[in-house]
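The data block below is entry10.cif; it holds mmCIF, C-alpha atoms and all ligand atoms.
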data_structure
#
loop_
_atom_site.label_atom_id
_atom_site.label_comp_id
_atom_site.auth_asym_id
_atom_site.auth_seq_id
_atom_site.Cartn_x
_atom_site.Cartn_y
_atom_site.Cartn_z
CA MET A 43 94.68 87.39 89.49
CA LEU A 44 90.93 86.87 89.64
CA ARG A 45 89.81 85.19 92.87
CA VAL A 46 86.72 83.04 92.41
CA GLY A 47 84.95 81.32 95.28
CA LEU A 48 83.17 78.10 94.26
CA THR A 49 80.60 76.51 96.53
CA GLY A 50 77.40 74.52 96.66
CA GLY A 51 75.63 72.01 98.86
CA ILE A 52 76.93 68.45 99.01
CA GLY A 53 76.09 66.55 95.83
CA ALA A 54 75.25 69.74 93.91
CA GLY A 55 78.10 69.19 91.45
CA LYS A 56 80.79 71.49 92.81
CA SER A 57 83.68 69.08 92.23
CA THR A 58 82.46 68.41 88.69
CA VAL A 59 82.50 72.16 88.01
CA ALA A 60 85.95 72.48 89.60
CA ARG A 61 87.33 69.74 87.34
CA ARG A 62 86.05 71.49 84.23
CA LEU A 63 87.47 74.82 85.37
CA ILE A 64 90.90 73.22 85.79
CA GLU A 65 90.61 71.76 82.28
CA ARG A 66 89.95 75.25 80.99
CA GLY A 67 92.99 76.68 82.79
CA ALA A 68 91.94 77.70 86.28
CA HIS A 69 94.32 77.32 89.23
CA LEU A 70 92.45 75.47 91.95
CA ALA A 71 92.72 75.33 95.73
CA ASP A 72 90.48 72.51 96.95
CA ALA A 73 89.62 73.26 100.58
CA ASP A 74 88.75 69.65 101.45
CA ALA A 75 91.92 68.27 99.87
CA ILE A 76 94.08 70.89 101.62
CA ALA A 77 92.42 70.12 104.96
CA ARG A 78 93.50 66.48 104.46
CA GLU A 79 97.00 67.36 103.24
CA VAL A 80 97.94 69.45 106.28
CA VAL A 81 97.25 66.50 108.65
CA ALA A 82 98.94 63.83 106.52
CA PRO A 83 101.59 61.64 108.23
CA GLY A 84 104.83 63.57 108.60
CA GLU A 85 103.08 66.95 108.77
CA PRO A 86 103.72 68.93 111.96
CA ALA A 87 99.98 69.44 112.46
CA LEU A 88 99.46 65.70 112.92
CA ALA A 89 102.04 65.56 115.72
CA GLU A 90 100.41 68.56 117.41
CA ILE A 91 97.00 66.90 117.18
CA ALA A 92 98.40 63.73 118.78
CA ASP A 93 99.95 65.86 121.58
CA ARG A 94 96.69 67.64 122.26
CA PHE A 95 94.18 64.80 121.84
CA GLY A 96 96.24 61.72 122.69
CA GLY A 97 97.41 58.71 120.69
CA GLY A 98 93.81 57.49 120.37
CA VAL A 99 93.25 59.78 117.38
CA ILE A 100 96.07 58.20 115.37
CA ALA A 101 95.20 55.02 113.47
CA ALA A 102 97.46 51.96 113.42
CA ASP A 103 98.87 52.97 110.01
CA GLY A 104 99.93 56.37 111.36
CA THR A 105 97.20 58.38 109.67
CA LEU A 106 94.67 60.56 111.44
CA ASP A 107 91.67 58.62 112.76
CA ARG A 108 89.04 61.14 111.66
CA ALA A 109 86.17 59.30 113.28
CA ALA A 110 87.92 59.24 116.68
CA LEU A 111 88.89 62.91 116.44
CA GLY A 112 85.43 63.83 115.18
CA ALA A 113 83.82 62.14 118.17
CA ILE A 114 85.89 64.32 120.52
CA VAL A 115 85.43 67.70 118.86
CA PHE A 116 81.76 67.09 118.03
CA ARG A 117 80.72 67.43 121.70
CA ASP A 118 83.50 69.69 123.02
CA GLU A 119 83.59 73.28 121.78
CA ALA A 120 87.00 74.04 123.37
CA ALA A 121 88.49 70.93 121.75
CA ARG A 122 87.14 72.01 118.36
CA ARG A 123 88.73 75.43 118.78
CA ASP A 124 92.05 73.83 119.72
CA LEU A 125 91.90 71.65 116.63
CA GLU A 126 91.14 74.65 114.44
CA ALA A 127 94.02 76.60 116.00
CA ILE A 128 96.30 73.79 114.81
CA THR A 129 94.86 73.28 111.33
CA HIS A 130 93.45 76.65 110.19
CA PRO A 131 96.72 78.60 109.91
CA ARG A 132 98.23 75.78 107.84
CA ILE A 133 95.19 75.52 105.60
CA ALA A 134 95.28 79.30 105.11
CA GLU A 135 98.99 79.23 104.32
CA ARG A 136 98.64 76.45 101.74
CA THR A 137 95.67 78.20 100.12
CA SER A 138 97.61 81.49 99.94
CA GLN A 139 100.56 79.68 98.36
CA ILE A 140 98.37 78.38 95.55
CA ALA A 141 96.76 81.80 95.10
CA ALA A 142 100.17 83.50 95.08
CA SER A 143 101.50 81.09 92.45
CA THR A 144 98.60 81.92 90.12
CA PRO A 145 99.94 84.20 87.38
CA ASP A 146 98.67 87.74 86.87
CA GLY A 147 95.73 87.77 84.54
CA ALA A 148 94.86 84.13 85.37
CA VAL A 149 91.91 82.71 87.31
CA PHE A 150 92.27 81.30 90.83
CA VAL A 151 89.37 79.17 92.05
CA HIS A 152 88.85 78.32 95.71
CA ASP A 153 86.62 75.24 95.98
CA MET A 154 85.16 75.96 99.40
CA PRO A 155 82.17 73.95 100.68
CA LEU A 156 81.69 76.22 103.74
CA LEU A 157 82.03 79.55 101.90
CA VAL A 158 78.52 80.68 102.80
CA GLU A 159 78.51 79.19 106.30
CA LYS A 160 81.77 81.01 107.09
CA ASP A 161 80.62 84.24 105.46
CA LEU A 162 83.59 84.49 103.11
CA ALA A 163 81.84 85.89 100.03
CA SER A 164 83.51 89.31 100.35
CA SER A 165 86.99 87.86 100.03
CA TYR A 166 86.50 86.89 96.36
CA HIS A 167 85.96 88.90 93.21
CA LEU A 168 83.17 86.52 92.25
CA VAL A 169 81.24 83.72 93.94
CA VAL A 170 79.92 80.81 91.87
CA VAL A 171 77.27 78.61 93.46
CA VAL A 172 76.37 75.24 91.96
CA HIS A 173 72.82 74.22 92.72
CA ALA A 174 70.61 71.19 92.35
CA ASP A 175 67.34 70.38 94.11
CA GLU A 176 67.63 68.48 97.35
CA GLN A 177 66.08 65.30 95.96
CA ILE A 178 68.63 65.14 93.14
CA ARG A 179 71.50 65.88 95.52
CA VAL A 180 70.38 63.11 97.88
CA GLN A 181 70.28 60.66 94.97
CA ARG A 182 73.77 61.67 93.82
CA VAL A 183 75.23 61.36 97.31
CA ILE A 184 73.59 57.93 97.76
CA ALA A 185 75.02 56.86 94.40
CA ARG A 186 78.44 57.83 95.78
CA GLY A 187 77.97 55.37 98.67
CA SER A 188 76.14 57.20 101.51
CA THR A 189 72.87 56.20 103.14
CA GLU A 190 69.83 58.39 102.56
CA GLN A 191 69.78 59.31 106.25
CA ASP A 192 73.40 60.41 106.16
CA ALA A 193 72.88 62.42 102.97
CA ARG A 194 69.88 64.26 104.42
CA ALA A 195 71.64 64.93 107.74
CA ARG A 196 74.60 66.48 105.92
CA ILE A 197 72.36 68.65 103.76
CA ALA A 198 70.42 69.84 106.82
CA ALA A 199 73.68 70.88 108.53
CA GLN A 200 74.68 73.14 105.61
CA ALA A 201 73.54 76.61 104.58
CA ASP A 202 70.11 76.77 102.94
CA ASP A 203 69.48 77.75 99.33
CA GLU A 204 68.37 81.27 100.21
CA ALA A 205 71.65 82.06 101.99
CA ARG A 206 73.56 80.64 99.02
CA ARG A 207 71.51 82.66 96.57
CA ASP A 208 72.37 85.91 98.35
CA ALA A 209 76.07 85.03 98.22
CA ALA A 210 76.03 84.03 94.54
CA ASP A 211 77.24 86.25 91.73
CA VAL A 212 76.78 83.26 89.44
CA TRP A 213 74.15 80.59 90.01
CA LEU A 214 74.80 77.38 88.06
CA GLU A 215 71.80 75.08 87.86
CA ASN A 216 72.85 71.45 87.64
CA HIS A 217 69.63 69.67 86.75
CA GLY A 218 70.63 68.34 83.35
CA ASP A 219 73.38 65.85 82.56
CA GLU A 220 77.10 66.42 83.09
CA GLU A 221 77.47 67.51 79.46
CA ASP A 222 75.00 70.35 80.09
CA LEU A 223 76.92 71.36 83.18
CA ARG A 224 80.22 71.43 81.31
CA ALA A 225 78.67 73.61 78.61
CA GLU A 226 77.45 76.04 81.31
CA VAL A 227 80.92 76.14 82.86
CA ASP A 228 82.51 76.74 79.46
CA ARG A 229 80.18 79.65 78.84
CA LEU A 230 80.98 81.07 82.28
CA TRP A 231 84.70 80.65 81.61
CA ASP A 232 84.69 82.24 78.15
CA GLU A 233 82.17 85.00 78.70
CA ARG A 234 82.83 86.06 82.26
CA LEU A 235 85.87 84.63 84.07
CA VAL A 236 88.48 85.13 81.33
CA PRO A 237 87.42 88.67 80.38
CA PHE A 238 87.00 89.59 84.08
CA ALA A 239 90.56 88.37 84.84
CA HIS A 240 91.83 90.28 81.81
CA ASN A 241 90.05 93.48 82.83
CA LEU A 242 91.31 93.17 86.36
CA TRP A 243 94.88 92.72 85.20
CA HIS A 244 94.69 95.62 82.75
CA ARG A 245 92.55 97.75 85.04
CA THR A 246 89.87 98.13 82.44
CA ARG A 247 86.40 98.94 83.59
CA VAL A 248 83.27 97.61 81.90
CA ARG A 249 81.01 100.27 80.45
CA ARG A 250 77.28 100.07 80.24
CA PRO A 251 75.94 99.50 76.72
CA GLU A 252 75.38 102.64 74.66
CA ARG A 253 71.73 101.78 74.23
CA VAL A 254 69.70 102.44 77.32
CA GLU A 255 67.62 99.38 78.22
CA LEU A 256 65.25 99.71 81.15
CA VAL A 257 64.68 96.50 83.04
CA THR A 258 63.77 95.34 86.54
CA ASP A 259 65.60 92.64 88.42
CA PRO A 260 64.48 91.36 91.83
CA THR A 261 68.05 90.28 92.63
CA TRP A 262 69.49 93.82 92.50
CA ALA A 263 68.96 94.40 96.22
CA ALA A 264 70.98 91.32 97.17
CA THR A 265 73.62 92.19 94.56
CA GLY A 266 73.91 95.68 96.04
CA VAL A 267 74.43 94.27 99.53
CA ARG A 268 77.01 91.77 98.27
CA LEU A 269 79.03 94.26 96.23
CA ALA A 270 78.90 96.95 98.94
CA ALA A 271 80.27 94.41 101.43
CA ARG A 272 83.06 93.52 99.01
CA VAL A 273 84.04 97.15 98.47
CA ALA A 274 83.88 97.79 102.23
CA ALA A 275 86.11 94.75 102.86
CA ALA A 276 88.63 95.97 100.28
CA LEU A 277 88.78 99.53 101.65
CA ARG A 278 88.47 98.65 105.35
CA GLU A 279 88.91 101.77 107.52
CA ARG A 280 89.43 103.92 104.42
CA ALA A 281 85.66 103.82 103.81
CA LEU A 282 83.29 105.16 106.46
CA ARG A 283 80.42 103.31 104.84
CA VAL A 284 79.36 101.90 101.48
CA ASP A 285 75.78 102.18 100.24
CA HIS A 286 73.83 100.88 97.29
CA ILE A 287 72.33 103.99 95.69
CA GLY A 288 70.63 104.85 92.40
CA SER A 289 67.68 103.23 90.70
CA THR A 290 68.73 99.62 91.22
CA ALA A 291 68.53 100.32 94.97
CA VAL A 292 64.80 101.08 94.63
CA PRO A 293 62.72 97.89 94.51
CA GLY A 294 60.38 97.72 91.53
CA LEU A 295 61.82 100.71 89.66
CA ALA A 296 62.82 100.01 86.05
CA ALA A 297 66.45 100.95 85.49
CA LYS A 298 69.60 100.37 83.50
CA ASP A 299 71.29 97.23 84.77
CA VAL A 300 73.94 99.18 86.66
CA ILE A 301 74.70 98.81 90.35
CA ASP A 302 75.66 102.21 91.76
CA LEU A 303 77.61 102.18 95.00
CA GLN A 304 78.53 105.19 97.09
CA VAL A 305 81.64 105.12 99.25
CA ALA A 306 81.76 107.67 102.07
CA VAL A 307 85.22 109.06 102.81
CA ARG A 308 86.32 111.60 105.41
CA SER A 309 87.92 113.71 102.72
CA LEU A 310 88.60 113.35 99.01
CA ASP A 311 92.29 113.51 99.91
CA ASP A 312 91.78 110.05 101.45
CA ALA A 313 90.27 108.89 98.15
CA ASP A 314 93.28 110.23 96.24
CA ALA A 315 95.79 108.37 98.41
CA PRO A 316 97.60 105.76 96.27
CA ASP A 317 96.68 102.91 98.64
CA PHE A 318 92.97 103.77 98.35
CA ILE A 319 93.11 103.73 94.55
CA GLU A 320 95.19 100.54 94.62
CA ALA A 321 92.87 98.73 97.06
CA LEU A 322 89.81 99.45 94.91
CA ALA A 323 91.60 98.51 91.69
CA ARG A 324 92.70 95.18 93.16
CA ALA A 325 89.14 94.54 94.28
CA GLY A 326 88.04 95.01 90.66
CA TYR A 327 87.16 98.71 90.63
CA PRO A 328 89.83 100.80 88.89
CA ARG A 329 89.76 104.60 89.13
CA VAL A 330 88.25 106.36 86.12
CA ALA A 331 90.16 109.58 85.56
CA GLY A 332 88.36 112.80 84.79
CA VAL A 333 85.00 112.05 86.39
CA ASP A 334 85.52 114.37 89.32
CA ALA A 335 82.23 116.09 89.93
CA ASP A 336 78.47 116.05 89.68
CA HIS A 337 77.07 119.22 88.19
CA PRO A 338 73.89 120.36 89.86
CA LYS A 339 72.51 123.50 88.21
CA ASP A 340 72.79 126.85 89.97
CA GLU A 341 75.08 125.42 92.59
CA GLN A 342 78.74 124.72 92.97
CA ASP A 343 79.98 121.46 91.56
CA TRP A 344 79.78 118.53 93.92
CA PRO A 345 83.23 116.95 93.84
CA LYS A 346 83.57 113.16 93.78
CA ARG A 347 85.82 110.41 92.51
CA PHE A 348 84.64 107.62 90.26
CA HIS A 349 85.59 103.95 89.85
CA GLY A 350 84.15 101.41 87.42
CA GLY A 351 83.80 97.65 87.87
CA CYS A 352 85.76 95.04 85.84
CA ASP A 353 83.12 92.28 85.85
CA PRO A 354 81.66 91.88 82.34
CA GLY A 355 78.61 90.22 83.93
CA GLN A 356 77.58 93.23 86.00
CA VAL A 357 78.21 96.90 85.31
CA VAL A 358 79.11 98.68 88.56
CA HIS A 359 79.70 102.38 89.17
CA VAL A 360 81.41 103.42 92.40
CA HIS A 361 80.95 107.04 93.43
CA VAL A 362 83.31 108.21 96.16
CA ARG A 363 82.03 111.25 98.04
CA GLU A 364 82.85 113.06 101.25
CA VAL A 365 80.61 112.01 104.11
CA GLY A 366 78.02 114.71 104.85
CA SER A 367 78.73 116.58 101.58
CA PRO A 368 75.73 117.78 99.52
CA GLY A 369 76.32 115.17 96.81
CA TRP A 370 76.60 112.32 99.33
CA VAL A 371 73.44 113.38 101.17
CA TRP A 372 71.55 113.94 97.92
CA ALA A 373 72.15 110.40 96.64
CA LEU A 374 70.89 108.79 99.85
CA ARG A 375 67.92 111.13 100.29
CA PHE A 376 66.80 110.73 96.68
CA ARG A 377 67.02 106.93 96.94
CA ASP A 378 65.03 106.88 100.17
CA TRP A 379 62.41 109.22 98.73
CA LEU A 380 61.98 106.97 95.69
CA ARG A 381 61.69 103.96 97.98
CA ALA A 382 58.99 105.70 100.02
CA ASP A 383 57.03 107.65 97.40
CA GLY A 384 55.15 105.61 94.80
CA ALA A 385 54.09 108.68 92.81
CA GLY A 386 57.67 109.95 92.70
CA ARG A 387 58.80 106.55 91.52
CA GLY A 388 56.19 106.57 88.75
CA ASP A 389 57.22 110.05 87.60
CA TYR A 390 60.87 109.08 87.54
CA GLU A 391 60.21 105.92 85.58
CA ALA A 392 58.08 107.82 83.07
CA LEU A 393 60.94 110.29 82.56
CA LYS A 394 63.40 107.48 82.00
CA ARG A 395 61.12 105.82 79.49
CA ARG A 396 60.78 109.08 77.54
CA ILE A 397 64.56 109.43 77.39
CA ALA A 398 65.10 105.78 76.50
CA ALA A 399 62.59 106.06 73.65
CA ASP A 400 64.38 109.05 72.15
CA GLU A 401 67.42 107.98 70.23
CA THR A 402 68.97 111.44 70.19
CA ARG A 403 69.06 111.51 73.96
CA TRP A 404 70.59 108.10 74.70
CA ALA A 405 74.16 109.25 74.62
CA ARG A 406 73.43 112.06 77.01
CA TYR A 407 71.24 110.00 79.33
CA PRO A 408 72.59 111.37 82.65
CA GLU A 409 72.42 114.97 81.43
CA ALA A 410 68.95 114.48 80.02
CA LYS A 411 67.66 113.73 83.51
CA GLU A 412 69.10 116.87 85.10
CA PRO A 413 66.18 119.27 84.52
CA TRP A 414 63.80 116.74 86.10
CA PHE A 415 66.10 116.34 89.11
CA ASP A 416 66.08 120.11 89.57
CA ALA A 417 62.31 120.26 89.31
CA VAL A 418 61.75 117.43 91.75
CA HIS A 419 64.23 118.70 94.34
CA PRO A 420 61.69 120.72 96.39
CA ARG A 421 59.43 117.65 96.56
CA VAL A 422 62.27 115.51 97.90
CA LEU A 423 63.21 118.17 100.45
CA ALA A 424 59.60 118.54 101.61
CA TRP A 425 59.36 114.78 102.06
CA ALA A 426 62.61 114.73 104.05
CA GLU A 427 61.34 117.58 106.26
CA GLU A 428 57.99 115.90 106.83
CA THR A 429 59.42 112.52 107.71
CA GLY A 430 62.42 113.80 109.67
CA TRP A 431 64.75 112.00 107.27
CA GLN A 432 68.38 112.01 108.32
CA PRO A 433 71.38 110.60 106.51
CA PRO A 434 72.71 107.40 108.06
CA ALA A 435 75.56 107.58 110.57
CA ALA A 436 79.07 106.98 109.27
CA GLY A 437 79.87 103.67 110.93
CA GLU A 438 76.57 101.83 110.46
P1 LIG A 501 79.82 68.03 95.11
O1 LIG A 501 81.29 68.26 94.89
O2 LIG A 501 79.00 69.29 94.99
O3 LIG A 501 79.48 67.26 96.34
P2 LIG A 501 80.06 66.33 92.79
O4 LIG A 501 80.55 67.21 91.69
O5 LIG A 501 81.02 65.39 93.43
O6 LIG A 501 79.27 67.16 93.89
O7 LIG A 501 78.81 65.53 92.20
C1 LIG A 501 78.16 64.56 93.01
C2 LIG A 501 77.97 63.29 92.18
O8 LIG A 501 77.01 63.53 91.18
C3 LIG A 501 79.23 62.85 91.47
O9 LIG A 501 79.28 61.48 91.49
C4 LIG A 501 79.06 63.42 90.06
O10 LIG A 501 79.74 62.67 89.11
C5 LIG A 501 77.55 63.35 89.89
N1 LIG A 501 77.02 64.43 89.06
C6 LIG A 501 77.32 65.74 89.11
N2 LIG A 501 76.61 66.43 88.21
C7 LIG A 501 75.84 65.54 87.56
C8 LIG A 501 74.87 65.64 86.52
N3 LIG A 501 74.56 66.81 85.96
N4 LIG A 501 74.27 64.50 86.10
C9 LIG A 501 74.58 63.33 86.67
N5 LIG A 501 75.46 63.16 87.65
C10 LIG A 501 76.10 64.25 88.11
#

Can you dump the structure from the file as structure tokens?
Ligand code: ADP
Amino acid sequence: MLRVGLTGGIGAGKSTVARRLIERGAHLADADAIAREVVAPGEPALAEIADRFGGGVIAADGTLDRAALGAIVFRDEAARRDLEAITHPRIAERTSQIAASTPDGAVFVHDMPLLVEKDLASSYHLVVVVHADEQIRVQRVIARGSTEQDARARIAAQADDEARRDAADVWLENHGDEEDLRAEVDRLWDERLVPFAHNLWHRTRVRRPERVELVTDPTWAATGVRLAARVAAALRERALRVDHIGSTAVPGLAAKDVIDLQVAVRSLDDADAPDFIEALARAGYPRVAGVDADHPKDEQDWPKRFHGGCDPGQVVHVHVREVGSPGWVWALRFRDWLRADGAGRGDYEALKRRIAADETRWARYPEAKEPWFDAVHPRVLAWAEETGWQPPAAGE
């Protein structure tokens, strides 16, 4: 099942998006609604809250007096932690139940206002952020019955747009009317969520297009950070570190729109363990059989394992290499050299453009670059020597 995190600032249109996703077939866990459900009359959490905070937090009709409870936990950190110790496990359990009841191949959406604030982006396959400018959000919240002061105070207490942007795999602008928003959601559903869920279920990776298109994208760096964190979270102690490598990790360099990640393992035996392969596949990166080495000329093969991403909206290649091995070091050193050396970057881009312009070489794009890599190797080594470059430590 595809796990989608849905978030956005108050008034951005998150609930409107969630409603449309349900209409299209998504299974939804609404974090706010669940937080209310677990403290409804008759629920054990409500009795525990009354025990801990006294009868003053229960209204005359037996429901939770949120204002009274809020006034206590607002100024008392220990009280807030006690409250969370009562409610959080139940919220988590209810959310997991909904996720677990979502069929294989289907789409589970977690409507989670505090996704960014709580740093949860790595626990989803995809994060969708709904966005509208502050002025529009204030107007929408006022139209729903708040005062302007209240609306602005709530917005100020939430994550800012920049933090949301870094967490977003999908950024939905909600500046038109609701019809426009629904059309955007439908496109997202048809073109990305449904095929992603299908690929995940069938363990099908998405290939880059045959035709090599060189582009630049200022969001690649943030995407690399986000996807590396997701892969690291999926593999936990099985990965020593995960790095964004390749051309998309070099700001300003034109490249194919492919995010290359490198997972460092102690030994390739670890990478061949069934639970390693399973963990990456469940995270959306199935193993691709038969891609087991890089082939530098005049040297022994550099063994690796290879996984491809399932998201039709972003091609991802995951190279698994032994920490400290020549192939692992090479990828990091070459990336850092390109980041540091403007002339090197220019030469590399010129090479890529020559290959991309030559139809006969498209299909063999990686191989076509090999002679240049060999030729440039002494330059990269000299740079590393000069600058005292060292590969990063395993646990960083
Ligand atoms: P959130 O869940 O992010 O707080 P909602 O989806 O509840 O936001 O939207 C806030 C309010 O704005 C709702 O009353 C909703 O109907 C309205 N709204 C949402 N999107 C639009 C839009 N594109 N045009 C007009 N009103 C909208």

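Residues in contact with ligand LIG 501 (chain A) (atom pairs separated by at most 6 Å; all atoms listed in the file) are Gly50, Gly51, Ile52, Gly53, Ala54, Gly55, Lys56, Ser57, Thr58, Arg182, Arg186, Asn216, His217, Gly218, Asp219, Glu220 and Leu223 of chain A.
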
Just to confirm, what's the straight-line distance from CA of Asp203 in chain A to CA of His173 in chain A in Å (one decimal)?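 For CA of Asp203 in chain A relative to CA of His173 in chain A, the distance reads 8.2 Å.
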
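Ranking A:Arg229, A:Gln191, A:Glu79, A:Pro368 by their shortest atom-to-atom distance to Arg62 in chain A, with all atoms listed in the file included, puts A:Arg229 first.
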
Among the residues A:Ile133, A:Ile397, A:Val254, A:Ile319, the one that comes closest to Ala87 in chain A [using only C-alpha atoms]: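 Smallest distance to Ala87 in chain A is found for A:Ile133.
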
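Among A:Trp213, A:Phe150, A:Tyr390, A:Phe376, the residue with the shortest atom-to-atom distance to Ala174 in chain A, counting only C-alpha atoms, is A:Trp213.
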
Name all residues at most 12 Å from Trp243 in chain A (count all atoms listed in the file; drop same-chain ones fewer than 2 positions away) and give them as a list in words.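 Once the adjacent positions are removed, what remains is Met43, Leu44, Arg45, Pro145, Asp146, Gly147, Ala148, Val149, Val236, Pro237, Phe238, Ala239, His240, Asn241, Arg245, Thr246, Arg247, Ala323, Arg324, Ala325, Gly326, Tyr327, Pro328, Cys352 and Asp353 of chain A.
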
Could you save the residues just selected, with C-alpha atoms, as an mmCIF file, in the frame of the given file?
data_model
loop_
_atom_site.group_PDB
_atom_site.id
_atom_site.type_symbol
_atom_site.label_atom_id
_atom_site.label_comp_id
_atom_site.auth_asym_id
_atom_site.auth_seq_id
_atom_site.Cartn_x
_atom_site.Cartn_y
_atom_site.Cartn_z
ATOM 1 C CA MET A 43 94.680 87.390 89.490
ATOM 2 C CA LEU A 44 90.930 86.870 89.640
ATOM 3 C CA ARG A 45 89.810 85.190 92.870
ATOM 4 C CA PRO A 145 99.940 84.200 87.380
ATOM 5 C CA ASP A 146 98.670 87.740 86.870
ATOM 6 C CA GLY A 147 95.730 87.770 84.540
ATOM 7 C CA ALA A 148 94.860 84.130 85.370
ATOM 8 C CA VAL A 149 91.910 82.710 87.310
ATOM 9 C CA VAL A 236 88.480 85.130 81.330
ATOM 10 C CA PRO A 237 87.420 88.670 80.380
ATOM 11 C CA PHE A 238 87.000 89.590 84.080
ATOM 12 C CA ALA A 239 90.560 88.370 84.840
ATOM 13 C CA HIS A 240 91.830 90.280 81.810
ATOM 14 C CA ASN A 241 90.050 93.480 82.830
ATOM 15 C CA ARG A 245 92.550 97.750 85.040
ATOM 16 C CA THR A 246 89.870 98.130 82.440
ATOM 17 C CA ARG A 247 86.400 98.940 83.590
ATOM 18 C CA ALA A 323 91.600 98.510 91.690
ATOM 19 C CA ARG A 324 92.700 95.180 93.160
ATOM 20 C CA ALA A 325 89.140 94.540 94.280
ATOM 21 C CA GLY A 326 88.040 95.010 90.660
ATOM 22 C CA TYR A 327 87.160 98.710 90.630
ATOM 23 C CA PRO A 328 89.830 100.800 88.890
ATOM 24 C CA CYS A 352 85.760 95.040 85.840
ATOM 25 C CA ASP A 353 83.120 92.280 85.850
#

Determine the axis-aligned bounding box of all atoms of range 284-301 of chain A present in the file, pad each side by 5 Å, and express its centre and edge lengths in Å to one decimal place as AutoDock Vina command-line options.
--center_x 69.9 --center_y 101.0 --center_z 92.5 --size_x 29.0 --size_y 17.6 --size_z 28.0

Please report the interatomic distance between CA of Val183 in chain A and CA of Leu125 in chain A in Å with one decimal.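 These two atoms are separated by 27.5 Å.
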
Pull the neighbourhood of (79.5, 113.5, 92.8) for me: all residues within 12 Å in file coordinates, counting all atoms listed in the file, as number ranges by chain. A: 302-306, 310, 332-338, 342-349, 359-365, 367-373

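For the pair CA of Asp208 in chain A and CA of Arg375 in chain A, the interatomic distance is 25.7 Å.
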
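Considering all atoms listed in the file, the residue among A:Ala68, A:Ala92, A:Val284, A:Val80 positioned nearest to Thr129 in chain A is A:Val80.
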
Which residues come within 10 Å of Val212 in chain A, counting all atoms listed in the file, excluding same-chain residues fewer than 6 positions away, as number ranges by chain? A: 48, 168-172, 230, 234, 355

When you look at Gly104 in chain A with a cut-off of 12 Å (counting only C-alpha atoms), what residues show up, excluding the ones that are within fewer than 3 positions of it in the same chain? I need them as a PDB file with C-alpha atoms, keeping the file's coordinate frame.
ATOM      1  CA  VAL A  81      97.250  66.500 108.650  1.00  0.00           C
ATOM      2  CA  ALA A  82      98.940  63.830 106.520  1.00  0.00           C
ATOM      3  CA  PRO A  83     101.590  61.640 108.230  1.00  0.00           C
ATOM      4  CA  GLY A  84     104.830  63.570 108.600  1.00  0.00           C
ATOM      5  CA  GLU A  85     103.080  66.950 108.770  1.00  0.00           C
ATOM      6  CA  LEU A  88      99.460  65.700 112.920  1.00  0.00           C
ATOM      7  CA  ALA A  89     102.040  65.560 115.720  1.00  0.00           C
ATOM      8  CA  ALA A  92      98.400  63.730 118.780  1.00  0.00           C
ATOM      9  CA  GLY A  97      97.410  58.710 120.690  1.00  0.00           C
ATOM     10  CA  GLY A  98      93.810  57.490 120.370  1.00  0.00           C
ATOM     11  CA  VAL A  99      93.250  59.780 117.380  1.00  0.00           C
ATOM     12  CA  ILE A 100      96.070  58.200 115.370  1.00  0.00           C
ATOM     13  CA  ALA A 101      95.200  55.020 113.470  1.00  0.00           C
ATOM     14  CA  ASP A 107      91.670  58.620 112.760  1.00  0.00           C
ATOM     15  CA  ARG A 108      89.040  61.140 111.660  1.00  0.00           C
TER      16      ARG A 108
END

Go through A:Pro260, A:Gly47, A:Gly67, A:Pro131 one by one, measure the shortest atom-to-atom distance of each to Pro155 in chain A using all atoms listed in the file, and give the residue with the smallest value.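 Checking each of A:Pro260, A:Gly47, A:Gly67, A:Pro131 against Pro155 in chain A, counting all atoms listed in the file, the winner is A:Gly47.
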
So which one's closest to Phe95 in chain A, A:Ala436, A:Leu269, A:Ile128, A:Ala71? Using all atoms listed in the file, please. A:Ile128

List as a ChimeraX atom specification: which residues have an atom within 10 Å of (91.9, 72.4, 92.8), counting all atoms listed in the file? /A:57,60-61,63-64,68-76,140,150-153

Contact residues around Trp414 in chain A with all atoms listed in the file at 10 Å, ignoring same-chain residues under 5 positions, as an mmCIF file with C-alpha atoms, in the frame of the given file:
data_model
loop_
_atom_site.group_PDB
_atom_site.id
_atom_site.type_symbol
_atom_site.label_atom_id
_atom_site.label_comp_id
_atom_site.auth_asym_id
_atom_site.auth_seq_id
_atom_site.Cartn_x
_atom_site.Cartn_y
_atom_site.Cartn_z
ATOM 1 C CA ASP A 389 57.220 110.050 87.600
ATOM 2 C CA TYR A 390 60.870 109.080 87.540
ATOM 3 C CA LEU A 393 60.940 110.290 82.560
ATOM 4 C CA GLU A 409 72.420 114.970 81.430
ATOM 5 C CA HIS A 419 64.230 118.700 94.340
#
